[in-house]
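Asker: data-v7.cif (mmCIF, C-alpha atoms and all ligand atoms) pasted underneath:
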data_start
loop_
_atom_site.label_atom_id
_atom_site.label_comp_id
_atom_site.auth_asym_id
_atom_site.auth_seq_id
_atom_site.Cartn_x
_atom_site.Cartn_y
_atom_site.Cartn_z
CA MET A 1 170.44 88.02 96.41
CA ASN A 2 172.99 88.93 93.76
CA ILE A 3 171.77 87.22 90.63
CA LEU A 4 173.44 86.84 87.24
CA VAL A 5 170.79 86.58 84.52
CA THR A 6 172.00 85.39 81.12
CA GLY A 7 169.66 86.34 78.27
CA GLY A 8 168.01 88.88 80.56
CA ALA A 9 167.17 91.26 77.71
CA GLY A 10 164.99 88.61 76.04
CA TYR A 11 161.28 87.95 76.41
CA ILE A 12 161.14 85.73 79.50
CA GLY A 13 164.40 87.09 80.94
CA SER A 14 163.21 90.71 80.96
CA HIS A 15 159.96 89.85 82.77
CA THR A 16 161.86 87.75 85.28
CA CYS A 17 164.42 90.51 85.94
CA LEU A 18 161.58 92.96 86.57
CA SER A 19 159.86 90.62 88.97
CA LEU A 20 163.09 89.83 90.87
CA MET A 21 164.04 93.52 91.11
CA GLU A 22 160.62 94.29 92.56
CA GLU A 23 161.37 91.67 95.20
CA GLY A 24 164.60 93.49 96.08
CA HIS A 25 167.17 91.30 94.34
CA ASP A 26 170.23 92.81 92.65
CA ILE A 27 170.42 91.88 89.01
CA CYS A 28 173.29 91.68 86.57
CA VAL A 29 172.36 90.86 82.97
CA VAL A 30 174.65 89.30 80.39
CA ASP A 31 173.21 89.32 76.87
CA ASN A 32 174.73 89.65 73.41
CA LEU A 33 171.46 91.20 72.11
CA SER A 34 171.44 88.69 69.22
CA ASN A 35 167.66 88.34 69.62
CA SER A 36 166.81 91.38 71.73
CA LYS A 37 167.43 95.06 72.35
CA GLU A 38 168.62 97.04 75.35
CA THR A 39 165.27 98.91 75.54
CA PRO A 40 163.50 96.42 77.85
CA LEU A 41 166.37 96.75 80.34
CA LYS A 42 165.94 100.53 80.34
CA ARG A 43 162.19 100.17 80.79
CA ILE A 44 162.56 97.71 83.66
CA GLN A 45 164.67 100.30 85.46
CA GLU A 46 161.99 102.94 84.82
CA ILE A 47 159.22 100.69 86.15
CA THR A 48 161.07 99.54 89.26
CA GLY A 49 163.01 102.75 89.96
CA ARG A 50 166.05 100.53 90.52
CA ARG A 51 169.31 100.03 88.63
CA LEU A 52 170.57 96.83 87.08
CA GLN A 53 173.98 96.14 85.64
CA PHE A 54 174.25 95.16 81.98
CA TYR A 55 177.14 93.55 80.11
CA ARG A 56 176.78 93.13 76.35
CA ILE A 57 178.72 89.91 76.13
CA ASP A 58 178.47 86.69 74.13
CA LEU A 59 178.50 83.73 76.52
CA THR A 60 180.70 81.73 74.19
CA GLN A 61 183.48 84.32 74.68
CA LYS A 62 185.12 83.08 77.86
CA ALA A 63 187.63 85.89 78.20
CA SER A 64 184.81 88.48 78.27
CA LEU A 65 182.65 86.50 80.67
CA VAL A 66 185.55 86.05 83.10
CA GLN A 67 185.49 89.80 83.65
CA VAL A 68 181.88 89.62 84.90
CA PHE A 69 182.80 87.00 87.50
CA GLU A 70 185.88 89.05 88.46
CA ASP A 71 183.74 92.20 88.91
CA ARG A 72 180.92 90.72 90.96
CA ARG A 73 180.11 87.95 93.38
CA PHE A 74 176.91 86.05 92.62
CA ASP A 75 174.65 83.97 94.82
CA ALA A 76 172.90 82.35 91.86
CA VAL A 77 172.60 82.33 88.08
CA ILE A 78 169.45 82.14 85.95
CA HIS A 79 170.42 80.89 82.51
CA PHE A 80 168.00 82.02 79.78
CA ALA A 81 170.50 82.81 77.02
CA GLY A 82 170.09 80.67 73.94
CA LEU A 83 168.69 80.50 70.44
CA LYS A 84 165.13 79.18 70.39
CA ALA A 85 163.59 79.04 66.91
CA VAL A 86 162.72 75.43 66.06
CA GLY A 87 162.58 75.89 62.26
CA GLU A 88 165.86 77.78 62.16
CA SER A 89 167.53 75.09 64.28
CA VAL A 90 166.70 72.52 61.58
CA LEU A 91 168.36 74.71 58.93
CA VAL A 92 171.46 75.72 60.91
CA PRO A 93 171.93 73.02 63.57
CA LEU A 94 175.63 73.80 64.11
CA ALA A 95 174.83 77.40 65.03
CA TYR A 96 172.35 76.09 67.62
CA TYR A 97 174.69 73.48 69.10
CA SER A 98 177.54 75.96 69.15
CA ASN A 99 175.64 78.86 70.69
CA ASN A 100 173.49 76.97 73.17
CA ILE A 101 175.89 74.25 74.27
CA VAL A 102 179.23 76.07 74.09
CA GLY A 103 177.66 79.13 75.77
CA SER A 104 176.33 76.93 78.58
CA LEU A 105 179.66 75.10 79.00
CA VAL A 106 181.59 78.35 79.30
CA LEU A 107 179.07 79.63 81.85
CA PHE A 108 179.16 76.42 83.93
CA GLU A 109 182.98 76.32 83.85
CA LEU A 110 183.18 79.86 85.21
CA MET A 111 180.49 79.22 87.81
CA ASP A 112 182.50 76.21 88.95
CA ALA A 113 185.78 78.13 88.99
CA TYR A 114 184.28 81.03 90.98
CA GLY A 115 182.33 78.80 93.38
CA VAL A 116 178.86 79.90 92.18
CA LYS A 117 176.96 76.63 92.31
CA ASN A 118 173.30 77.63 92.28
CA ILE A 119 171.60 77.69 88.90
CA VAL A 120 168.12 77.85 87.41
CA PHE A 121 168.10 76.62 83.81
CA SER A 122 165.47 77.39 81.15
CA SER A 123 164.52 74.11 79.57
CA SER A 124 161.42 73.47 77.53
CA ALA A 125 158.43 71.18 77.15
CA THR A 126 159.92 70.53 73.73
CA VAL A 127 162.25 67.94 75.39
CA TYR A 128 159.25 65.57 75.72
CA GLY A 129 158.68 65.43 71.94
CA GLU A 130 155.37 63.73 71.16
CA PRO A 131 154.02 62.56 74.54
CA GLU A 132 152.26 59.19 74.81
CA LYS A 133 149.60 60.77 76.98
CA VAL A 134 148.71 64.04 78.69
CA PRO A 135 149.06 65.70 81.12
CA ILE A 136 152.85 65.45 80.89
CA LYS A 137 154.76 64.60 84.06
CA GLU A 138 158.45 65.29 84.61
CA SER A 139 159.07 61.53 84.74
CA PHE A 140 157.85 60.99 81.15
CA PRO A 141 160.41 59.89 78.54
CA VAL A 142 162.26 62.66 76.76
CA CYS A 143 162.73 62.63 72.99
CA PRO A 144 163.04 66.06 71.40
CA ALA A 145 162.18 66.14 67.71
CA ASN A 146 164.48 68.93 66.50
CA PRO A 147 168.01 70.33 67.02
CA TYR A 148 166.76 73.17 69.27
CA GLY A 149 165.08 70.67 71.60
CA ARG A 150 168.17 68.45 71.55
CA THR A 151 170.37 71.37 72.66
CA LYS A 152 168.05 71.82 75.66
CA LEU A 153 168.24 68.12 76.51
CA HIS A 154 172.04 68.05 76.12
CA ILE A 155 172.34 70.96 78.54
CA GLU A 156 170.08 69.12 81.01
CA HIS A 157 172.44 66.09 80.71
CA ILE A 158 175.49 68.30 81.29
CA LEU A 159 173.89 69.66 84.46
CA ARG A 160 173.02 66.14 85.68
CA ASP A 161 176.62 65.00 85.11
CA LEU A 162 177.94 68.09 86.88
CA PHE A 163 175.73 67.37 89.88
CA ALA A 164 176.71 63.69 89.91
CA ALA A 165 180.38 64.73 90.08
CA ASP A 166 179.98 67.48 92.67
CA ARG A 167 177.03 67.44 95.10
CA LYS A 168 177.69 71.04 96.10
CA TRP A 169 175.72 72.16 93.04
CA ASN A 170 172.06 73.10 93.40
CA ILE A 171 170.28 73.01 90.07
CA ALA A 172 166.67 73.74 89.11
CA ILE A 173 165.74 72.68 85.59
CA LEU A 174 162.50 74.40 84.59
CA ARG A 175 160.61 73.03 81.60
CA TYR A 176 158.36 75.83 80.35
CA PHE A 177 155.23 75.11 78.37
CA ASN A 178 153.95 77.94 76.07
CA PRO A 179 154.80 81.37 77.50
CA VAL A 180 152.53 84.20 76.32
CA GLY A 181 151.38 87.61 77.58
CA ALA A 182 153.29 90.63 78.79
CA HIS A 183 153.82 92.77 81.86
CA PRO A 184 150.51 94.52 82.75
CA SER A 185 152.16 97.95 82.24
CA GLY A 186 152.39 97.20 78.51
CA MET A 187 155.97 98.49 78.62
CA ILE A 188 157.69 95.17 78.09
CA GLY A 189 156.54 92.18 76.09
CA GLU A 190 157.45 89.74 73.34
CA ASP A 191 159.10 91.37 70.33
CA PRO A 192 159.72 88.73 67.65
CA ASN A 193 162.01 89.52 64.72
CA ASP A 194 160.29 89.40 61.34
CA ILE A 195 157.12 87.33 61.02
CA PRO A 196 156.27 85.57 64.29
CA ASN A 197 156.54 81.75 64.40
CA ASN A 198 154.42 81.36 67.51
CA LEU A 199 150.66 81.61 67.76
CA MET A 200 150.05 84.44 70.24
CA PRO A 201 152.33 87.09 68.69
CA PHE A 202 150.88 86.20 65.29
CA ILE A 203 147.29 86.62 66.52
CA SER A 204 148.10 89.99 68.10
CA GLN A 205 149.81 91.21 64.92
CA VAL A 206 146.69 90.28 62.94
CA ALA A 207 144.51 92.16 65.43
CA VAL A 208 146.69 95.28 65.19
CA GLY A 209 146.71 95.09 61.37
CA LYS A 210 150.36 94.12 60.83
CA GLN A 211 149.43 90.73 59.39
CA GLN A 212 146.38 90.14 57.20
CA GLU A 213 145.21 86.82 58.56
CA LEU A 214 146.25 83.93 60.74
CA PHE A 215 147.09 80.59 59.15
CA VAL A 216 145.73 77.86 61.37
CA TYR A 217 147.97 74.85 60.93
CA GLY A 218 145.47 72.02 60.56
CA ASN A 219 141.95 71.33 61.84
CA ASP A 220 142.11 67.56 61.59
CA TYR A 221 143.92 66.80 64.85
CA PRO A 222 142.21 64.46 67.34
CA THR A 223 141.21 67.40 69.58
CA HIS A 224 137.75 68.79 70.40
CA ASP A 225 137.75 71.26 67.48
CA GLY A 226 140.50 69.68 65.37
CA THR A 227 143.13 72.38 66.05
CA GLY A 228 146.27 71.97 68.18
CA VAL A 229 145.96 72.19 71.96
CA ARG A 230 148.67 73.78 74.14
CA ASP A 231 149.32 74.83 77.72
CA TYR A 232 149.66 78.63 77.47
CA ILE A 233 151.21 80.20 80.56
CA HIS A 234 151.33 83.91 81.37
CA VAL A 235 154.92 85.17 81.28
CA MET A 236 154.45 86.90 84.67
CA ASP A 237 153.43 83.59 86.27
CA LEU A 238 156.52 82.08 84.66
CA ALA A 239 158.67 84.96 85.91
CA HIS A 240 157.42 84.40 89.47
CA GLY A 241 158.20 80.70 89.10
CA HIS A 242 161.90 81.65 88.94
CA ALA A 243 161.74 83.37 92.32
CA TYR A 244 160.20 80.21 93.79
CA ALA A 245 162.94 78.13 92.14
CA LEU A 246 165.61 80.39 93.67
CA ASN A 247 164.00 79.94 97.09
CA LYS A 248 164.11 76.19 96.55
CA LEU A 249 167.83 76.37 95.75
CA GLY A 250 168.25 78.02 99.14
CA GLU A 251 167.12 74.71 100.71
CA ALA A 252 170.02 72.92 98.93
CA PRO A 253 167.77 70.44 97.12
CA GLY A 254 170.45 69.06 94.76
CA LEU A 255 169.10 68.71 91.22
CA VAL A 256 165.37 69.24 90.71
CA THR A 257 163.27 69.35 87.53
CA TYR A 258 159.86 71.00 87.24
CA ASN A 259 157.23 71.59 84.58
CA LEU A 260 156.02 75.19 84.59
CA GLY A 261 152.58 75.22 82.99
CA THR A 262 148.98 75.76 83.99
CA GLY A 263 147.81 72.19 83.45
CA LYS A 264 145.08 73.42 81.09
CA GLY A 265 145.02 73.08 77.32
CA PHE A 266 143.46 75.52 74.86
CA SER A 267 143.01 75.02 71.13
CA VAL A 268 144.12 77.47 68.44
CA LEU A 269 140.51 78.46 67.77
CA GLU A 270 139.83 79.01 71.48
CA MET A 271 142.83 81.34 71.63
CA VAL A 272 141.58 83.24 68.57
CA SER A 273 138.13 83.68 70.03
CA ALA A 274 139.46 84.73 73.48
CA PHE A 275 141.70 87.31 71.82
CA GLU A 276 138.85 88.69 69.69
CA LYS A 277 136.67 89.08 72.78
CA VAL A 278 139.33 90.90 74.78
CA SER A 279 140.59 93.16 71.98
CA GLY A 280 137.26 93.81 70.27
CA LYS A 281 139.13 93.25 66.98
CA PRO A 282 138.42 90.54 64.43
CA VAL A 283 141.17 87.95 63.88
CA PRO A 284 140.47 86.54 60.41
CA TYR A 285 141.99 83.12 59.82
CA LYS A 286 142.40 80.47 57.17
CA ILE A 287 142.82 76.77 57.81
CA VAL A 288 145.93 75.48 56.07
CA SER A 289 147.78 72.17 56.22
CA ARG A 290 149.54 70.99 59.38
CA ARG A 291 152.97 72.43 60.24
CA GLU A 292 155.66 69.76 60.07
CA GLY A 293 156.76 68.59 63.51
CA ASP A 294 153.63 69.85 65.32
CA ILE A 295 151.82 67.61 67.76
CA ALA A 296 148.10 67.46 68.56
CA THR A 297 148.00 68.08 72.28
CA CYS A 298 150.52 69.15 74.88
CA TYR A 299 149.83 70.26 78.43
CA ALA A 300 151.60 69.93 81.73
CA ASP A 301 150.94 68.18 84.95
CA PRO A 302 152.22 71.08 87.10
CA SER A 303 151.53 69.37 90.44
CA LEU A 304 155.19 68.70 91.30
CA ALA A 305 156.04 72.41 91.13
CA GLU A 306 152.97 73.18 93.20
CA LYS A 307 153.95 70.62 95.83
CA GLU A 308 157.69 71.27 96.02
CA LEU A 309 158.01 74.93 95.01
CA ASP A 310 154.66 76.10 96.37
CA TRP A 311 154.20 77.80 92.99
CA LYS A 312 151.07 77.74 90.89
CA ALA A 313 150.10 79.71 87.77
CA LYS A 314 147.38 82.19 88.73
CA LEU A 315 146.58 84.09 85.53
CA GLY A 316 144.08 82.81 83.00
CA ILE A 317 143.55 83.07 79.28
CA ASN A 318 141.81 86.48 79.59
CA GLU A 319 144.79 88.09 81.35
CA MET A 320 147.11 86.47 78.79
CA CYS A 321 145.13 88.05 75.93
CA GLU A 322 144.56 91.41 77.69
CA ASP A 323 148.23 91.90 78.51
CA THR A 324 149.40 90.80 75.06
CA TRP A 325 146.94 93.22 73.50
CA ARG A 326 148.00 96.15 75.72
CA TRP A 327 151.66 95.54 74.82
CA GLN A 328 150.86 95.20 71.10
CA LYS A 329 148.74 98.38 71.01
CA LYS A 330 151.32 100.45 72.88
CA ASN A 331 154.22 99.06 70.84
CA PRO A 332 152.87 98.20 67.37
CA ASP A 333 156.42 97.99 66.01
CA GLY A 334 157.91 96.35 69.09
CA TYR A 335 160.93 97.97 70.77
CA ILE A 336 162.25 100.68 68.49
P1 LIG B 401 164.66 85.30 73.76
O1 LIG B 401 165.31 85.01 72.45
O2 LIG B 401 163.70 86.42 73.83
O3 LIG B 401 165.79 85.50 74.88
C1 LIG B 401 167.02 84.83 74.84
C2 LIG B 401 168.10 85.90 75.04
O4 LIG B 401 169.38 85.25 75.01
C3 LIG B 401 168.11 86.97 73.94
O5 LIG B 401 168.07 88.23 74.54
C4 LIG B 401 169.43 86.73 73.20
O6 LIG B 401 169.97 87.93 72.71
C5 LIG B 401 170.28 86.10 74.29
N1 LIG B 401 171.36 85.23 73.80
C6 LIG B 401 171.28 84.21 72.90
N2 LIG B 401 172.49 83.64 72.74
C7 LIG B 401 173.36 84.31 73.54
C8 LIG B 401 174.75 84.21 73.79
N3 LIG B 401 175.52 83.31 73.18
N4 LIG B 401 175.31 85.06 74.68
C9 LIG B 401 174.55 86.00 75.31
N5 LIG B 401 173.25 86.15 75.11
C10 LIG B 401 172.65 85.31 74.23
O7 LIG B 401 163.96 83.93 74.24
P2 LIG B 401 162.93 83.70 75.43
O8 LIG B 401 161.63 83.38 74.83
O9 LIG B 401 163.04 84.76 76.44
O10 LIG B 401 163.52 82.34 76.01
C11 LIG B 401 164.43 82.32 77.09
C12 LIG B 401 164.87 80.88 77.33
O11 LIG B 401 163.73 80.07 77.58
C13 LIG B 401 165.59 80.25 76.14
O12 LIG B 401 166.65 79.47 76.62
C14 LIG B 401 164.53 79.38 75.50
O13 LIG B 401 165.10 78.27 74.85
C15 LIG B 401 163.72 78.96 76.72
N6 LIG B 401 162.32 78.64 76.39
C16 LIG B 401 161.57 79.57 75.73
C17 LIG B 401 160.26 79.26 75.39
C18 LIG B 401 159.42 80.25 74.63
O14 LIG B 401 158.44 79.85 74.02
N7 LIG B 401 159.70 81.53 74.64
C19 LIG B 401 159.71 78.02 75.74
C20 LIG B 401 160.50 77.12 76.44
C21 LIG B 401 161.82 77.45 76.76
C1 LIG B 402 156.71 76.04 69.84
C2 LIG B 402 157.99 75.28 69.59
C3 LIG B 402 158.45 74.62 70.88
C4 LIG B 402 158.53 75.63 72.01
C5 LIG B 402 157.15 76.26 72.16
C6 LIG B 402 157.07 77.23 73.30
C7 LIG B 402 157.70 74.59 67.25
C8 LIG B 402 157.50 73.43 66.31
N1 LIG B 402 157.74 74.29 68.56
O1 LIG B 402 155.75 75.10 70.19
O2 LIG B 402 159.71 74.04 70.69
O3 LIG B 402 158.90 75.00 73.22
O4 LIG B 402 156.85 76.93 70.93
O5 LIG B 402 156.93 78.52 72.89
O6 LIG B 402 157.86 75.72 66.83
N2 LIG B 402 149.81 77.74 65.20
C9 LIG B 402 149.01 78.10 64.13
N3 LIG B 402 149.39 79.17 63.38
C10 LIG B 402 150.51 79.90 63.63
C11 LIG B 402 151.33 79.53 64.73
C12 LIG B 402 150.95 78.44 65.48
O7 LIG B 402 147.99 77.47 63.87
O8 LIG B 402 150.80 80.87 62.90
C13 LIG B 402 149.40 76.61 66.05
C14 LIG B 402 150.40 75.46 66.11
O9 LIG B 402 150.11 74.53 65.10
C15 LIG B 402 150.15 74.92 67.52
C16 LIG B 402 149.75 76.15 68.33
O10 LIG B 402 149.32 77.11 67.37
O11 LIG B 402 149.06 74.02 67.52
C17 LIG B 402 150.89 76.74 69.14
O12 LIG B 402 151.99 76.98 68.28
P1 LIG B 402 153.32 77.74 68.78
O13 LIG B 402 152.93 79.00 69.45
O14 LIG B 402 154.24 77.84 67.60
O15 LIG B 402 153.91 76.80 69.89
P2 LIG B 402 154.26 75.22 69.81
O16 LIG B 402 154.11 74.69 68.45
O17 LIG B 402 153.53 74.55 70.91
#
Take the structure in the file and give it back as structure tokens.

Answerer:
Amino acid sequence: MNILVTGGAGYIGSHTCLSLMEEGHDICVVDNLSNSKETPLKRIQEITGRRLQFYRIDLTQKASLVQVFEDRRFDAVIHFAGLKAVGESVLVPLAYYSNNIVGSLVLFELMDAYGVKNIVFSSSATVYGEPEKVPIKESFPVCPANPYGRTKLHIEHILRDLFAADRKWNIAILRYFNPVGAHPSGMIGEDPNDIPNNLMPFISQVAVGKQQELFVYGNDYPTHDGTGVRDYIHVMDLAHGHAYALNKLGEAPGLVTYNLGTGKGFSVLEMVSAFEKVSGKPVPYKIVSRREGDIATCYADPSLAEKELDWKAKLGINEMCEDTWRWQKKNPDGYI
């Protein structure tokens, strides 16, 4: 297939491009590199021995994006591009609405105009907000608690309205849980700017000596050890999930929504101890107060994806820690 991947230079996008290229698909990446570098795209080509096409374009710039659709004919689009930092979205909501929603609108308008009506969209477990119970099913109410999450939900609504108006669209909305890990080569991985917000990159930076200690945000949650519980999913499992979603689009399913998670929850302290075991490095930590907006427990019921996509996460917490550690050791300063 000829696939347009927006945000393909980013963390999840780069792993997905690699996996799709290994399966023989032709990939064209559009990314403005606002939160990434071109290096992973070069490395993907080294690993696979295949070429991909790259346009450094901002999705909100319609005139530039038109050129991509003029140059190439696509069978499907995977739409990763967007800003994703929850805290930042609270501080600069307009930047988030503008980038994520306007960028998506421009993309959908051009897809419509050029007759490309197959799309996989990166949504997030964040759309569920604080769930009433776990595991979380796709049918649960949605109520995102921050501007970032609301941009994801708005884009889901836009896609639903688009499908309601024109049944020729085939749309897979994927709600990811907590992506972690890296490609087993250690050549591509997650490369956060500045100090990481998320747990796994923070732990690995402590282990490699870039951060002194981890701050554990609260040990008084109603969980087995008091720390927050999440559904961590290996980024390669997630990447493969996109290939299964593309296959599903080939069956013309209309609009489908799936949780991509493992269905298992691990606490912060369990992640710390798994990482210490795998890396052989101590991860000193200090318990501090809860982070505003955090919830106690969040994990997926991934059975719908298993039933309808025939996809299931295969990699466990050890592979997640091993691959993160290999990437961190090989690239202590990220992509340079
Ligand atoms: P990322 O920041 O690494 O990748 C996003 C990419 O989009 C970056 O390369 C960035 O430069 C690009 N981009 C942003 N705005 C753009 C624009 N206007 N035009 C062109 N390119 C633009 O993030 P990621 O972790 O790979 O996440 C990918 C997608 O998955 C995002 O939509 C994110 O909201 C969603 N998601 C991520 C997580 C997570 O924890 N990583 C969880 C759930 C959902
Ligand atoms: C975050 C985002 C969420 C996004 C998800 C997927 C927030 C509030 N939410 O969720 O929108 O979909 O990532 O990547 O940012 N923790 C620490 N110390 C740290 C970092 C985290 O104790 O330095 C704890 C958190 O309190 C939480 C767990 O680790 O219990 C996971 O945190 P994180 O990796 O930031 O992911 P989420 O909060 O689940």

Asker: Have a look at A:Ala313, A:Leu94, A:Leu110, A:Leu238 and name the one nearest to Thr151 of chain A; count only C-alpha atoms.

Answerer: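 Comparing A:Ala313, A:Leu94, A:Leu110, A:Leu238 against Thr151 of chain A, the winner is A:Leu94.
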
Asker: Which neighbours of segment 127-131 of chain A fall inside 10 Å, counting all atoms listed in the file, when residues of the same chain fewer than 6 positions from it are skipped, and could you give them as number ranges by chain?

Answerer: A: 137-146, 148-154, 156, 175, 293-299

Asker: Any residue with an atom at most 9 Å from ligand LIG 402 (chain B) counts, using only C-alpha atoms and all ligand atoms. Which are they? Put them as a ChimeraX atom specification.

Answerer: /A:84-87,123-127,129,144-146,148-149,175-180,196-203,214-219,227-232,267-269,271,287-288,290-298

Asker: Produce as a PyMOL selection string the set of residues near ligand LIG 401 (chain B), where near means within 9 Å with only C-alpha atoms and all ligand atoms considered.

Answerer: chain A and resi 6-15+30-38+56-61+79-85+98-100+102-104+121-126+148-149+151-152+174-180+190-192+198+235

Asker: Go ahead and write the selection's residues with C-alpha atoms as a PDB file, in the coordinates of the input.

Answerer:
ATOM      1  CA  THR A   6     172.000  85.390  81.120  1.00  0.00           C
ATOM      2  CA  GLY A   7     169.660  86.340  78.270  1.00  0.00           C
ATOM      3  CA  GLY A   8     168.010  88.880  80.560  1.00  0.00           C
ATOM      4  CA  ALA A   9     167.170  91.260  77.710  1.00  0.00           C
ATOM      5  CA  GLY A  10     164.990  88.610  76.040  1.00  0.00           C
ATOM      6  CA  TYR A  11     161.280  87.950  76.410  1.00  0.00           C
ATOM      7  CA  ILE A  12     161.140  85.730  79.500  1.00  0.00           C
ATOM      8  CA  GLY A  13     164.400  87.090  80.940  1.00  0.00           C
ATOM      9  CA  SER A  14     163.210  90.710  80.960  1.00  0.00           C
ATOM     10  CA  HIS A  15     159.960  89.850  82.770  1.00  0.00           C
ATOM     11  CA  VAL A  30     174.650  89.300  80.390  1.00  0.00           C
ATOM     12  CA  ASP A  31     173.210  89.320  76.870  1.00  0.00           C
ATOM     13  CA  ASN A  32     174.730  89.650  73.410  1.00  0.00           C
ATOM     14  CA  LEU A  33     171.460  91.200  72.110  1.00  0.00           C
ATOM     15  CA  SER A  34     171.440  88.690  69.220  1.00  0.00           C
ATOM     16  CA  ASN A  35     167.660  88.340  69.620  1.00  0.00           C
ATOM     17  CA  SER A  36     166.810  91.380  71.730  1.00  0.00           C
ATOM     18  CA  LYS A  37     167.430  95.060  72.350  1.00  0.00           C
ATOM     19  CA  GLU A  38     168.620  97.040  75.350  1.00  0.00           C
ATOM     20  CA  ARG A  56     176.780  93.130  76.350  1.00  0.00           C
ATOM     21  CA  ILE A  57     178.720  89.910  76.130  1.00  0.00           C
ATOM     22  CA  ASP A  58     178.470  86.690  74.130  1.00  0.00           C
ATOM     23  CA  LEU A  59     178.500  83.730  76.520  1.00  0.00           C
ATOM     24  CA  THR A  60     180.700  81.730  74.190  1.00  0.00           C
ATOM     25  CA  GLN A  61     183.480  84.320  74.680  1.00  0.00           C
ATOM     26  CA  HIS A  79     170.420  80.890  82.510  1.00  0.00           C
ATOM     27  CA  PHE A  80     168.000  82.020  79.780  1.00  0.00           C
ATOM     28  CA  ALA A  81     170.500  82.810  77.020  1.00  0.00           C
ATOM     29  CA  GLY A  82     170.090  80.670  73.940  1.00  0.00           C
ATOM     30  CA  LEU A  83     168.690  80.500  70.440  1.00  0.00           C
ATOM     31  CA  LYS A  84     165.130  79.180  70.390  1.00  0.00           C
ATOM     32  CA  ALA A  85     163.590  79.040  66.910  1.00  0.00           C
ATOM     33  CA  SER A  98     177.540  75.960  69.150  1.00  0.00           C
ATOM     34  CA  ASN A  99     175.640  78.860  70.690  1.00  0.00           C
ATOM     35  CA  ASN A 100     173.490  76.970  73.170  1.00  0.00           C
ATOM     36  CA  VAL A 102     179.230  76.070  74.090  1.00  0.00           C
ATOM     37  CA  GLY A 103     177.660  79.130  75.770  1.00  0.00           C
ATOM     38  CA  SER A 104     176.330  76.930  78.580  1.00  0.00           C
ATOM     39  CA  PHE A 121     168.100  76.620  83.810  1.00  0.00           C
ATOM     40  CA  SER A 122     165.470  77.390  81.150  1.00  0.00           C
ATOM     41  CA  SER A 123     164.520  74.110  79.570  1.00  0.00           C
ATOM     42  CA  SER A 124     161.420  73.470  77.530  1.00  0.00           C
ATOM     43  CA  ALA A 125     158.430  71.180  77.150  1.00  0.00           C
ATOM     44  CA  THR A 126     159.920  70.530  73.730  1.00  0.00           C
ATOM     45  CA  TYR A 148     166.760  73.170  69.270  1.00  0.00           C
ATOM     46  CA  GLY A 149     165.080  70.670  71.600  1.00  0.00           C
ATOM     47  CA  THR A 151     170.370  71.370  72.660  1.00  0.00           C
ATOM     48  CA  LYS A 152     168.050  71.820  75.660  1.00  0.00           C
ATOM     49  CA  LEU A 174     162.500  74.400  84.590  1.00  0.00           C
ATOM     50  CA  ARG A 175     160.610  73.030  81.600  1.00  0.00           C
ATOM     51  CA  TYR A 176     158.360  75.830  80.350  1.00  0.00           C
ATOM     52  CA  PHE A 177     155.230  75.110  78.370  1.00  0.00           C
ATOM     53  CA  ASN A 178     153.950  77.940  76.070  1.00  0.00           C
ATOM     54  CA  PRO A 179     154.800  81.370  77.500  1.00  0.00           C
ATOM     55  CA  VAL A 180     152.530  84.200  76.320  1.00  0.00           C
ATOM     56  CA  GLU A 190     157.450  89.740  73.340  1.00  0.00           C
ATOM     57  CA  ASP A 191     159.100  91.370  70.330  1.00  0.00           C
ATOM     58  CA  PRO A 192     159.720  88.730  67.650  1.00  0.00           C
ATOM     59  CA  ASN A 198     154.420  81.360  67.510  1.00  0.00           C
ATOM     60  CA  VAL A 235     154.920  85.170  81.280  1.00  0.00           C
TER      61      VAL A 235
END

Asker: Give me the residues near segment 252-255 of chain A as a PyMOL selection string, where near means some atom within 10 Å (using all atoms listed in the file) and where sequence neighbours in that chain fewer than 3 positions away do not count.

Answerer: chain A and resi 118-120+159-160+162-164+166-173+247-249

Asker: Go ahead and compute the interatomic distance for atom CA of Ile195 of chain A and atom CA of Gly261 of chain A, in Å to one decimal.

Answerer: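 Computing it gives 25.5 Å between the two atoms.
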
Asker: Which polymer residues have any atom within 10 Å of an atom of Glu306 of chain A, counting all atoms listed in the file, with same-chain residues fewer than 5 positions away left out, as an MDAnalysis selection string?

Answerer: chainID A and resid 258:260 301 311:313

Asker: So how far away is atom CA of Cys28 of chain A from atom CA of Asp71 of chain A, in Å?

Answerer: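 Atom CA of Cys28 of chain A lies at a distance of 10.7 Å from atom CA of Asp71 of chain A.
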
Asker: Might you pull out every residue within 7 Å of His183 of chain A, with only C-alpha atoms counted and same-chain residues fewer than 3 positions away left off, and present them as a PDB file with C-alpha atoms, in the coordinates of the input?

Answerer:
ATOM      1  CA  HIS A  15     159.960  89.850  82.770  1.00  0.00           C
ATOM      2  CA  GLY A 186     152.390  97.200  78.510  1.00  0.00           C
ATOM      3  CA  MET A 187     155.970  98.490  78.620  1.00  0.00           C
ATOM      4  CA  ILE A 188     157.690  95.170  78.090  1.00  0.00           C
ATOM      5  CA  GLY A 189     156.540  92.180  76.090  1.00  0.00           C
ATOM      6  CA  MET A 236     154.450  86.900  84.670  1.00  0.00           C
ATOM      7  CA  ASP A 323     148.230  91.900  78.510  1.00  0.00           C
TER       8      ASP A 323
END

Asker: Smallest atom-to-atom distance to Pro284 of chain A: which of A:Asn318, A:Ala207, A:Ala239, A:Trp327, using only C-alpha atoms?

Answerer: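 With only C-alpha atoms as the atom set, the closest residue is A:Ala207.
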
Asker: May I have the residues within 12 Å of Glu70 of chain A as a list in words, using all atoms listed in the file and disregarding those fewer than 5 positions away in the same chain?

Answerer: Ala63, Ser64, Leu65, Leu110, Met111, Ala113, Tyr114 and Gly115 of chain A
